[in-house]
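Enquirer: upload-v4.cif (mmCIF, C-alpha atoms) pasted underneath:
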```
data_query
#
loop_
_atom_site.label_atom_id
_atom_site.label_comp_id
_atom_site.auth_asym_id
_atom_site.auth_seq_id
_atom_site.Cartn_x
_atom_site.Cartn_y
_atom_site.Cartn_z
CA MET M 1 22.60 6.79 -13.87
CA ALA M 2 22.02 9.72 -11.51
CA ILE M 3 24.55 10.78 -8.84
CA TYR M 4 23.45 12.59 -5.68
CA ASN M 5 25.63 14.48 -3.18
CA ALA M 6 28.28 15.33 -5.79
CA PRO M 7 29.82 17.64 -6.80
CA LEU M 8 28.03 19.66 -4.06
CA ASP M 9 27.04 18.33 -0.65
CA VAL M 10 23.34 17.53 -0.30
CA PRO M 11 22.59 16.55 3.33
CA ASP M 12 19.36 14.69 2.55
CA HIS M 13 20.57 13.06 -0.68
CA PRO M 14 19.10 9.55 0.04
CA GLU M 15 15.66 11.14 0.49
CA LYS M 16 16.10 13.22 -2.66
CA ALA M 17 17.03 10.11 -4.66
CA CYS M 18 13.94 8.27 -3.42
CA GLN M 19 11.65 11.20 -4.19
CA THR M 20 13.08 11.40 -7.70
CA ALA M 21 12.40 7.69 -8.23
CA ILE M 22 8.78 8.09 -7.10
CA GLU M 23 8.28 11.04 -9.46
CA MET M 24 9.80 9.03 -12.32
CA ILE M 25 7.24 6.25 -11.81
CA LYS M 26 4.41 8.81 -11.68
CA GLU M 27 5.61 10.39 -14.92
CA LEU M 28 5.94 6.96 -16.53
CA LYS M 29 2.23 6.38 -15.93
CA GLU M 30 1.42 9.63 -17.74
CA VAL M 31 3.70 8.68 -20.63
CA ASN M 32 2.06 5.26 -20.92
CA ASN M 33 -1.42 6.80 -20.87
CA GLY M 34 -0.39 8.87 -23.88
CA PHE M 35 1.05 5.81 -25.60
CA LYS M 36 -2.17 3.88 -24.96
CA GLU M 37 -4.26 6.60 -26.57
CA LYS M 38 -2.05 6.35 -29.67
CA GLY M 39 -2.24 2.55 -29.76
CA LEU M 40 1.43 2.19 -28.84
CA PRO M 41 2.91 -0.40 -26.44
CA SER M 42 3.65 0.73 -22.89
CA LEU M 43 7.09 1.07 -21.32
CA ASP M 44 8.27 -0.15 -17.95
CA ILE M 45 11.35 0.72 -15.90
CA GLY M 46 13.16 -0.46 -12.80
CA ILE M 47 15.19 1.73 -10.43
CA GLY M 48 17.92 0.69 -8.00
CA ILE M 49 19.13 3.06 -5.27
CA ASN M 50 22.17 2.59 -3.07
CA THR M 51 23.97 4.90 -0.65
CA GLY M 52 27.69 4.78 0.12
CA PHE M 53 31.15 5.90 -0.88
CA ALA M 54 32.25 6.03 -4.50
CA VAL M 55 35.01 7.47 -6.64
CA VAL M 56 33.45 10.50 -8.34
CA GLY M 57 34.86 12.94 -10.87
CA ASN M 58 35.95 13.45 -14.46
CA MET M 59 37.23 10.14 -15.82
CA GLY M 60 38.57 9.10 -19.21
CA ALA M 61 41.18 10.50 -21.58
CA ASP M 62 41.79 13.89 -23.16
CA MET M 63 39.71 13.03 -26.23
CA ARG M 64 36.76 11.76 -24.24
CA PHE M 65 35.85 11.91 -20.59
CA ASP M 66 32.73 12.04 -18.43
CA TYR M 67 31.83 13.14 -14.93
CA THR M 68 30.80 9.85 -13.37
CA ALA M 69 31.04 7.55 -10.35
CA ILE M 70 32.59 4.10 -10.00
CA GLY M 71 32.97 1.57 -7.21
CA ASP M 72 31.12 -1.14 -5.31
CA THR M 73 28.37 1.27 -4.25
CA VAL M 74 27.57 2.02 -7.90
CA ASN M 75 27.75 -1.65 -8.88
CA LEU M 76 25.25 -2.67 -6.20
CA ALA M 77 22.78 0.01 -7.31
CA SER M 78 23.05 -1.32 -10.86
CA ARG M 79 22.44 -4.89 -9.70
CA LEU M 80 19.40 -3.83 -7.69
CA GLU M 81 17.91 -2.07 -10.71
CA GLY M 82 17.97 -5.36 -12.62
CA GLN M 83 16.25 -7.27 -9.81
CA ASN M 84 12.98 -5.36 -10.22
CA LYS M 85 11.95 -7.73 -13.02
CA TYR M 86 12.33 -10.69 -10.67
CA TYR M 87 10.30 -9.25 -7.78
CA GLY M 88 7.71 -7.45 -9.88
CA THR M 89 8.68 -4.12 -8.31
CA HIS M 90 9.72 -0.74 -9.69
CA ILE M 91 12.05 0.73 -7.04
CA ILE M 92 14.48 -1.31 -4.95
CA LEU M 93 16.61 0.19 -2.18
CA SER M 94 19.70 -1.25 -0.56
CA GLU M 95 19.70 -1.65 3.22
CA PHE M 96 22.09 1.33 3.38
CA THR M 97 19.57 3.65 1.72
CA ALA M 98 16.58 2.14 3.52
CA GLU M 99 18.17 2.86 6.89
CA LYS M 100 18.51 6.56 6.00
CA VAL M 101 14.96 7.07 4.70
CA LYS M 102 13.09 4.86 7.16
CA GLY M 103 9.99 6.66 8.42
CA LYS M 104 10.01 9.12 5.51
CA PHE M 105 8.63 6.71 2.91
CA LEU M 106 6.66 3.48 2.95
CA ILE M 107 9.19 0.69 2.44
CA ARG M 108 9.15 -3.07 2.96
CA GLU M 109 11.99 -5.56 3.11
CA ILE M 110 11.66 -8.04 0.26
CA ASP M 111 14.72 -10.27 0.55
CA LEU M 112 18.21 -11.08 1.72
CA LEU M 113 20.02 -11.04 -1.59
CA ARG M 114 23.49 -11.96 -2.79
CA VAL M 115 23.98 -10.38 -6.20
CA VAL M 116 26.53 -11.09 -8.91
CA GLY M 117 29.93 -9.70 -7.97
CA ARG M 118 29.33 -9.51 -4.20
CA GLU M 119 30.07 -12.15 -1.56
CA LYS M 120 28.15 -10.53 1.29
CA PRO M 121 24.34 -10.67 1.14
CA SER M 122 22.35 -7.46 1.48
CA ALA M 123 18.86 -6.83 2.76
CA VAL M 124 16.87 -5.20 -0.03
CA PHE M 125 13.70 -3.15 0.24
CA GLU M 126 10.91 -2.01 -2.04
CA LEU M 127 10.12 1.69 -2.02
CA MET M 128 6.34 1.75 -2.37
CA PRO M 129 5.15 4.78 -4.38
CA ASP M 130 2.91 7.49 -2.95
CA GLN M 131 -0.78 6.65 -3.06
CA PRO M 132 -4.07 8.37 -2.15
CA GLU M 133 -4.82 7.99 1.57
CA SER M 134 -7.07 4.93 1.15
CA ALA M 135 -4.58 3.16 -1.11
CA HIS M 136 -1.71 4.18 1.17
CA ASN M 137 -3.39 2.45 4.10
CA LYS M 138 -3.88 -0.60 1.89
CA ASN M 139 -0.17 -0.61 1.05
CA GLU M 140 0.70 -0.25 4.74
CA ARG M 141 -1.37 -3.34 5.54
CA LEU M 142 0.30 -5.22 2.70
CA ALA M 143 3.75 -4.21 3.96
CA GLN M 144 2.95 -5.28 7.52
CA ARG M 145 1.51 -8.65 6.53
CA PHE M 146 4.34 -9.28 4.06
CA SER M 147 6.85 -8.59 6.83
CA GLU M 148 5.14 -11.18 9.04
CA GLY M 149 5.15 -13.68 6.17
CA LEU M 150 8.87 -13.04 5.67
CA ARG M 151 9.52 -13.74 9.37
CA ILE M 152 7.62 -17.04 9.14
CA TYR M 153 9.41 -17.95 5.91
CA ARG M 154 12.82 -17.40 7.50
CA SER M 155 11.81 -19.58 10.45
CA MET M 156 11.40 -22.37 7.83
CA ASP M 157 7.67 -22.83 8.51
CA PHE M 158 7.05 -22.99 4.77
CA GLN M 159 3.48 -24.28 4.99
CA LYS M 160 2.32 -21.35 7.10
CA ALA M 161 4.37 -18.90 5.03
CA PHE M 162 2.82 -20.33 1.86
CA GLU M 163 -0.65 -19.65 3.26
CA VAL M 164 0.28 -16.06 4.16
CA PHE M 165 1.88 -15.23 0.82
CA SER M 166 -0.84 -16.98 -1.22
CA SER M 167 -3.45 -14.90 0.59
CA LEU M 168 -1.53 -11.68 -0.09
CA ALA M 169 -1.01 -12.59 -3.74
CA ASP M 170 -4.75 -13.15 -4.17
CA GLU M 171 -5.93 -10.15 -2.17
CA TYR M 172 -3.42 -7.54 -3.34
CA LYS M 173 -2.30 -9.00 -6.69
CA ASP M 174 1.20 -8.59 -5.30
CA PRO M 175 3.96 -10.07 -7.50
CA ALA M 176 6.46 -10.36 -4.62
CA SER M 177 3.98 -12.35 -2.54
CA LYS M 178 3.28 -14.63 -5.50
CA LEU M 179 7.04 -15.17 -5.86
CA TYR M 180 7.37 -16.16 -2.22
CA ALA M 181 4.37 -18.48 -2.41
CA GLU M 182 6.14 -20.26 -5.28
CA ARG M 183 9.38 -20.44 -3.29
CA CYS M 184 7.50 -21.94 -0.33
CA ARG M 185 5.87 -24.51 -2.60
CA GLU M 186 9.29 -25.58 -3.84
CA TYR M 187 10.75 -25.77 -0.33
CA LEU M 188 7.82 -27.90 0.80
CA LYS M 189 8.73 -30.34 -1.95
CA THR M 190 12.49 -30.09 -1.42
CA PRO M 191 13.40 -28.55 1.97
CA PRO M 192 16.60 -26.49 2.21
CA PRO M 193 19.47 -27.69 4.45
CA SER M 194 19.20 -27.09 8.19
CA GLU M 195 21.88 -24.37 8.01
CA TRP M 196 19.83 -22.41 5.43
CA ASP M 197 20.14 -18.69 6.15
CA GLY M 198 17.29 -17.38 4.01
CA VAL M 199 19.64 -15.73 1.52
CA PHE M 200 18.60 -15.77 -2.13
CA ILE M 201 21.53 -16.00 -4.57
CA SER M 202 20.83 -14.05 -7.74
CA THR M 203 22.60 -15.27 -10.88
CA LYS M 204 21.17 -12.49 -13.04
CA LYS M 205 22.43 -8.95 -13.52
#
```
Would you encode the structure as structure tokens?
Expert:
Amino acid sequence: MAIYNAPLDVPDHPEKACQTAIEMIKELKEVNNGFKEKGLPSLDIGIGINTGFAVVGNMGADMRFDYTAIGDTVNLASRLEGQNKYYGTHIILSEFTAEKVKGKFLIREIDLLRVVGREKPSAVFELMPDQPESAHNKNERLAQRFSEGLRIYRSMDFQKAFEVFSSLADEYKDPASKLYAERCREYLKTPPPSEWDGVFISTKK
């Protein structure tokens, strides 16, 4: 766990956290290239970033204590980290972080999520890593089309949403789009209730 904006104030701490995450993924690729050359299996990681208030300081007893942070803000970040496996992503931001870094990084909303330990759902976003200009434009197109597919999905037009997400999964090899295509297929077989709010309830930490 990494804590930003403590013990010293860092005005742009959400941006710093996101930049760190991007650099971690870049470094992971270099590490895995070295592993591959040695015939070793590759590693993968997921990162969850949340912004909010927390209790921060030295905690524990005289024999053992650590400088750490606790609270709902920390718990949500931890839950988001674990969701990367489900969406096929590497960096997930809470809506609170996404709001503060919007326009500074390429991000896309990927779900309305209710995680273990929280009653209120949260919008969650993927932070899409830096790419060369051509690939960046490709990611921008993916993000735009995914956003449109998400709008259609939430309007409960699951056939049209299935077509959008299937196309994105094929064209971009995008795990999140493949996931939504599968969700749409299931909803076409068994439609959700009319009061469905589009929230996905995660039962995994």
Enquirer: Considering all atoms listed in the file, can you say which of M:Asn50, M:Ser78, M:Ser177, M:Asn137 comes closest to M:Val124?
Expert: M:Asn50
Enquirer: Give as number ranges by chain the residues that the PyMOL selection byres ((chain M and resi 104-119) around 6) matches when applied to the coordinates above.
Expert: M: 101-103, 120-128, 143, 199-202
Enquirer: In Å, with one decimal, what is the gap from atom CA of M:Asn75 to atom CA of M:Val56?
Expert: 13.4 Å
Enquirer: Take the PyMOL selection byres ((chain M and resi 10-14) around 12), apply it to the structure above, and return the hits as a short mmCIF file (atom, residue, chain, number, x, y, z; two decimals) with C-alpha atoms, in the frame of the given file.
Expert:
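Output (selection.cif):
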```
data_model
loop_
_atom_site.label_atom_id
_atom_site.label_comp_id
_atom_site.auth_asym_id
_atom_site.auth_seq_id
_atom_site.Cartn_x
_atom_site.Cartn_y
_atom_site.Cartn_z
CA ALA M 2 22.02 9.72 -11.51
CA ILE M 3 24.55 10.78 -8.84
CA TYR M 4 23.45 12.59 -5.68
CA ASN M 5 25.63 14.48 -3.18
CA ALA M 6 28.28 15.33 -5.79
CA PRO M 7 29.82 17.64 -6.80
CA LEU M 8 28.03 19.66 -4.06
CA ASP M 9 27.04 18.33 -0.65
CA GLU M 15 15.66 11.14 0.49
CA LYS M 16 16.10 13.22 -2.66
CA ALA M 17 17.03 10.11 -4.66
CA CYS M 18 13.94 8.27 -3.42
CA GLN M 19 11.65 11.20 -4.19
CA THR M 20 13.08 11.40 -7.70
CA ALA M 21 12.40 7.69 -8.23
CA ILE M 49 19.13 3.06 -5.27
CA ASN M 50 22.17 2.59 -3.07
CA THR M 51 23.97 4.90 -0.65
CA GLY M 52 27.69 4.78 0.12
CA LEU M 93 16.61 0.19 -2.18
CA SER M 94 19.70 -1.25 -0.56
CA GLU M 95 19.70 -1.65 3.22
CA PHE M 96 22.09 1.33 3.38
CA THR M 97 19.57 3.65 1.72
CA ALA M 98 16.58 2.14 3.52
CA GLU M 99 18.17 2.86 6.89
CA LYS M 100 18.51 6.56 6.00
CA VAL M 101 14.96 7.07 4.70
CA LYS M 102 13.09 4.86 7.16
CA LYS M 104 10.01 9.12 5.51
CA PHE M 105 8.63 6.71 2.91
#
```
Enquirer: Which distance in Å separates atom CA of M:Ser147 and atom CA of M:Glu27, to one decimal?
Expert: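 Answer for the atom CA of M:Ser147 to atom CA of M:Glu27 separation: 28.9 Å.
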Enquirer: So what do you get for atom CA of M:Pro41 versus atom CA of M:Leu179, distance-wise?
Expert: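 Result for atom CA of M:Pro41 versus atom CA of M:Leu179: 25.7 Å, one decimal.
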Enquirer: My list of candidates is M:Asp44, M:Arg154, M:Pro193, M:Gln144. Which is closest to M:Lys26 when distances are computed with only C-alpha atoms?
Expert: M:Asp44
Enquirer: Run through the PyMOL selection byres ((chain M and resi 72) around 9) on the given coordinates and return the selected residues as a PyMOL selection string.
Expert: chain M and resi 52-54+70-71+73-77+118
Enquirer: Those selected residues, please, written with C-alpha atoms and delivered as a JSON list (two decimals), in the coordinates of the input.
Expert:
```json
[["chain", "number", "residue", "atom", "x", "y", "z"],
["M", 52, "GLY", "CA", 27.69, 4.78, 0.12],
["M", 53, "PHE", "CA", 31.15, 5.90, -0.88],
["M", 54, "ALA", "CA", 32.25, 6.03, -4.50],
["M", 70, "ILE", "CA", 32.59, 4.10, -10.00],
["M", 71, "GLY", "CA", 32.97, 1.57, -7.21],
["M", 73, "THR", "CA", 28.37, 1.27, -4.25],
["M", 74, "VAL", "CA", 27.57, 2.02, -7.90],
["M", 75, "ASN", "CA", 27.75, -1.65, -8.88],
["M", 76, "LEU", "CA", 25.25, -2.67, -6.20],
["M", 77, "ALA", "CA", 22.78, 0.01, -7.31],
["M", 118, "ARG", "CA", 29.33, -9.51, -4.20]]
```
Enquirer: Could you complete stretch 68-79 of chain M so that it carries all heavy atoms, and give it back as a short mmCIF file (atom, residue, chain, number, x, y, z; two decimals), in the frame of the given file?
Expert:
```cif
data_model
loop_
_atom_site.label_atom_id
_atom_site.label_comp_id
_atom_site.auth_asym_id
_atom_site.auth_seq_id
_atom_site.Cartn_x
_atom_site.Cartn_y
_atom_site.Cartn_z
N THR M 68 31.52 11.07 -13.71
CA THR M 68 30.80 9.85 -13.37
C THR M 68 31.23 9.33 -12.01
O THR M 68 32.03 9.97 -11.31
CB THR M 68 31.02 8.77 -14.46
OG1 THR M 68 30.16 7.66 -14.21
CG2 THR M 68 32.46 8.29 -14.47
N ALA M 69 30.69 8.19 -11.63
CA ALA M 69 31.04 7.55 -10.35
C ALA M 69 31.31 6.08 -10.62
O ALA M 69 30.64 5.45 -11.44
CB ALA M 69 29.89 7.71 -9.35
N ILE M 70 32.28 5.53 -9.90
CA ILE M 70 32.59 4.10 -10.00
C ILE M 70 32.82 3.55 -8.60
O ILE M 70 33.10 4.29 -7.66
CB ILE M 70 33.83 3.83 -10.89
CG1 ILE M 70 35.07 4.52 -10.32
CG2 ILE M 70 33.58 4.27 -12.32
CD1 ILE M 70 36.36 4.16 -11.04
N GLY M 71 32.71 2.22 -8.49
CA GLY M 71 32.97 1.57 -7.21
C GLY M 71 31.87 0.59 -6.85
O GLY M 71 30.86 0.45 -7.56
N ASP M 72 32.06 -0.11 -5.75
CA ASP M 72 31.12 -1.14 -5.31
C ASP M 72 29.73 -0.59 -5.05
O ASP M 72 28.72 -1.24 -5.32
CB ASP M 72 31.67 -1.83 -4.06
CG ASP M 72 30.82 -3.01 -3.63
OD1 ASP M 72 30.68 -3.97 -4.43
OD2 ASP M 72 30.26 -2.98 -2.52
N THR M 73 29.67 0.64 -4.52
CA THR M 73 28.37 1.27 -4.25
C THR M 73 27.55 1.41 -5.53
O THR M 73 26.35 1.14 -5.56
CB THR M 73 28.57 2.65 -3.61
OG1 THR M 73 29.19 2.48 -2.33
CG2 THR M 73 27.25 3.38 -3.43
N VAL M 74 28.23 1.84 -6.60
CA VAL M 74 27.57 2.02 -7.90
C VAL M 74 27.16 0.66 -8.48
O VAL M 74 26.05 0.50 -9.01
CB VAL M 74 28.49 2.76 -8.88
CG1 VAL M 74 27.81 2.95 -10.24
CG2 VAL M 74 28.91 4.10 -8.31
N ASN M 75 28.04 -0.32 -8.35
CA ASN M 75 27.75 -1.65 -8.88
C ASN M 75 26.52 -2.26 -8.22
O ASN M 75 25.69 -2.88 -8.89
CB ASN M 75 28.95 -2.58 -8.68
CG ASN M 75 30.14 -2.16 -9.53
OD1 ASN M 75 29.99 -1.44 -10.51
ND2 ASN M 75 31.33 -2.58 -9.13
N LEU M 76 26.40 -2.10 -6.89
CA LEU M 76 25.25 -2.67 -6.20
C LEU M 76 23.95 -2.01 -6.65
O LEU M 76 22.94 -2.69 -6.88
CB LEU M 76 25.41 -2.54 -4.68
CG LEU M 76 24.24 -3.08 -3.84
CD1 LEU M 76 23.96 -4.54 -4.16
CD2 LEU M 76 24.53 -2.90 -2.35
N ALA M 77 23.97 -0.69 -6.81
CA ALA M 77 22.78 0.01 -7.31
C ALA M 77 22.36 -0.54 -8.66
O ALA M 77 21.17 -0.75 -8.93
CB ALA M 77 23.04 1.52 -7.40
N SER M 78 23.34 -0.77 -9.53
CA SER M 78 23.05 -1.32 -10.86
C SER M 78 22.43 -2.71 -10.77
O SER M 78 21.48 -3.04 -11.49
CB SER M 78 24.34 -1.37 -11.68
OG SER M 78 24.11 -1.97 -12.94
N ARG M 79 22.97 -3.54 -9.88
CA ARG M 79 22.44 -4.89 -9.70
C ARG M 79 21.01 -4.85 -9.16
O ARG M 79 20.16 -5.64 -9.58
CB ARG M 79 23.32 -5.69 -8.75
CG ARG M 79 24.75 -5.90 -9.25
CD ARG M 79 24.80 -6.85 -10.44
NE ARG M 79 26.18 -7.09 -10.86
CZ ARG M 79 26.78 -6.46 -11.85
NH1 ARG M 79 26.13 -5.53 -12.54
NH2 ARG M 79 28.03 -6.75 -12.16
#
```
